[in-house]
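Peer 1: Pasting a structure here, questions to come.
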Amino acid sequence: MECFFKAVDIYKKLGVDDSGTYNNIGVLYCGMGDYKKAIVYYKKALDAANKDDFDDVATCYLNLASQYEPLCLYDEAEEYYLKSLECTRELVNNNPYKYVFDMIGIYRRIMLFYYFMEQYDKSDEYCDKVLKIIEKIIHHEKEHLDEFIYIYNNLGVYYGNVNNNYDKAILYYNKGLELALLGAKE
């Protein structure tokens, strides 16, 4: 961690505020379970971020949301998840091919957030959004089979272990298995 603080000092001497370094310090504090200190550094990262760089800003928002959750600050977590989603939408609008999996990822995070908040209708809504994206792109994205398998398996977990809808869980586990078998043939 010392090297990150040295990097911050060097950047300050150069008159530069580096979002990435602050983010990395936040990651370290998160890994140590010090969510409050992680929030401090993620906020510094957000302040230092170029507001036109939606990728950087979306990451900052997502990191903040993921720190507020374990602190039981759910309104703040929701606020930052939704801000991250807004930025990710901008990224997808500008370059759908590059950022589509980021969109799926944020939808999955929000889906699980709402599930654990026992807001099942909202959780299911975001699950449906994930599925709609997959249905649109799966036939055009053969090189991403591993990611689709992972997503389908996660949906199987969501429906089986989290939602107790075993029929849907089996459906998504089987879709993942079909893709795995398809990938093994190629």
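Following the order of the structure tokens, first chain is A, next is B, and so on, with residues numbered from 1 inside each chain and ligands from 1 in the order they appear.
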If we count only C-alpha atoms, what is near region 103-115 of chain A at a cut-off of 7 Å, once residues fewer than 4 positions away on the same chain are taken out, given as a list in words?

Peer 2: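 So the residues in contact are Tyr81, Leu85, Thr88, Tyr99, Gln119, Tyr120, Lys122, Ser123, Asp124, Tyr126, Cys127 and Val130 of chain A.
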
Peer 1: Do a neighbour search on Tyr61 (chain A) at 12 Å with only C-alpha atoms, toss out local chain neighbours closer than 5 positions, and write the hits as a ChimeraX atom specification.

Peer 2: /A:23,39,41-47,49,51,54-56,66-68,76-88,106

Peer 1: If you run DSSP on the backbone here, which positions in region 52-181 of chain A get alpha helix (DSSP H)? Please write them as a ChimeraX atom specification.

Peer 2: /A:54-68,74-94,96-116,120-137,145-157,166-181

Peer 1: Point out the residue among A:Tyr35, A:Ser19, A:Gly160, A:Val100 with the least atom-to-atom distance to His144 (chain A), counting only C-alpha atoms.

Peer 2: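 Of the candidates, the smallest distance to His144 (chain A) is held by A:Val100.
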
Peer 1: Can you work out which one of A:Ile133, A:Leu177, A:Val27, A:Glu90 has the shortest atom-to-atom distance to Asp53 (chain A), counting only C-alpha atoms?

Peer 2: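 Among the listed residues, the smallest separation from Asp53 (chain A) belongs to A:Glu90.
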
Peer 1: Quick one: distance from CA of Tyr152 (chain A) to CA of Leu131 (chain A) in Å, one decimal?

Peer 2: 9.0 Å

Peer 1: Restricting the calculation to only C-alpha atoms: of A:Met117, A:Asp34, A:Leu181, A:Ala48, which residue gets closest to Thr21 (chain A)?

Peer 2: A:Ala48

Peer 1: Counting only C-alpha atoms, which residue out of A:Lys175, A:Lys98, A:Ala58, A:Pro70 sits closest to Glu135 (chain A)?

Peer 2: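 Ranked by minimum distance to Glu135 (chain A), first place goes to A:Lys175.
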
Peer 1: Quick one: distance from CA of Val157 (chain A) to CA of Asp128 (chain A) in Å, one decimal?

Peer 2: 14.9 Å

Peer 1: May I ask which of the residues A:Phe148, A:Tyr166, A:Phe101, A:Tyr29 is the closest one to Arg89 (chain A), counting only C-alpha atoms?

Peer 2: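 For Arg89 (chain A), the nearest of the candidates is A:Phe101.
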
Peer 1: So, counting only C-alpha atoms, which residue among A:Cys60, A:Lys168, A:Asp52, A:Leu179 is closest to Tyr22 (chain A)?

Peer 2: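 Checking each candidate against Tyr22 (chain A), we get A:Cys60 as the closest.
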
Peer 1: What is the distance between CA of Asp167 (chain A) and CA of Glu143 (chain A), in Å to one decimal?

Peer 2: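 Answer for the CA of Asp167 (chain A) to CA of Glu143 (chain A) separation: 28.4 Å.
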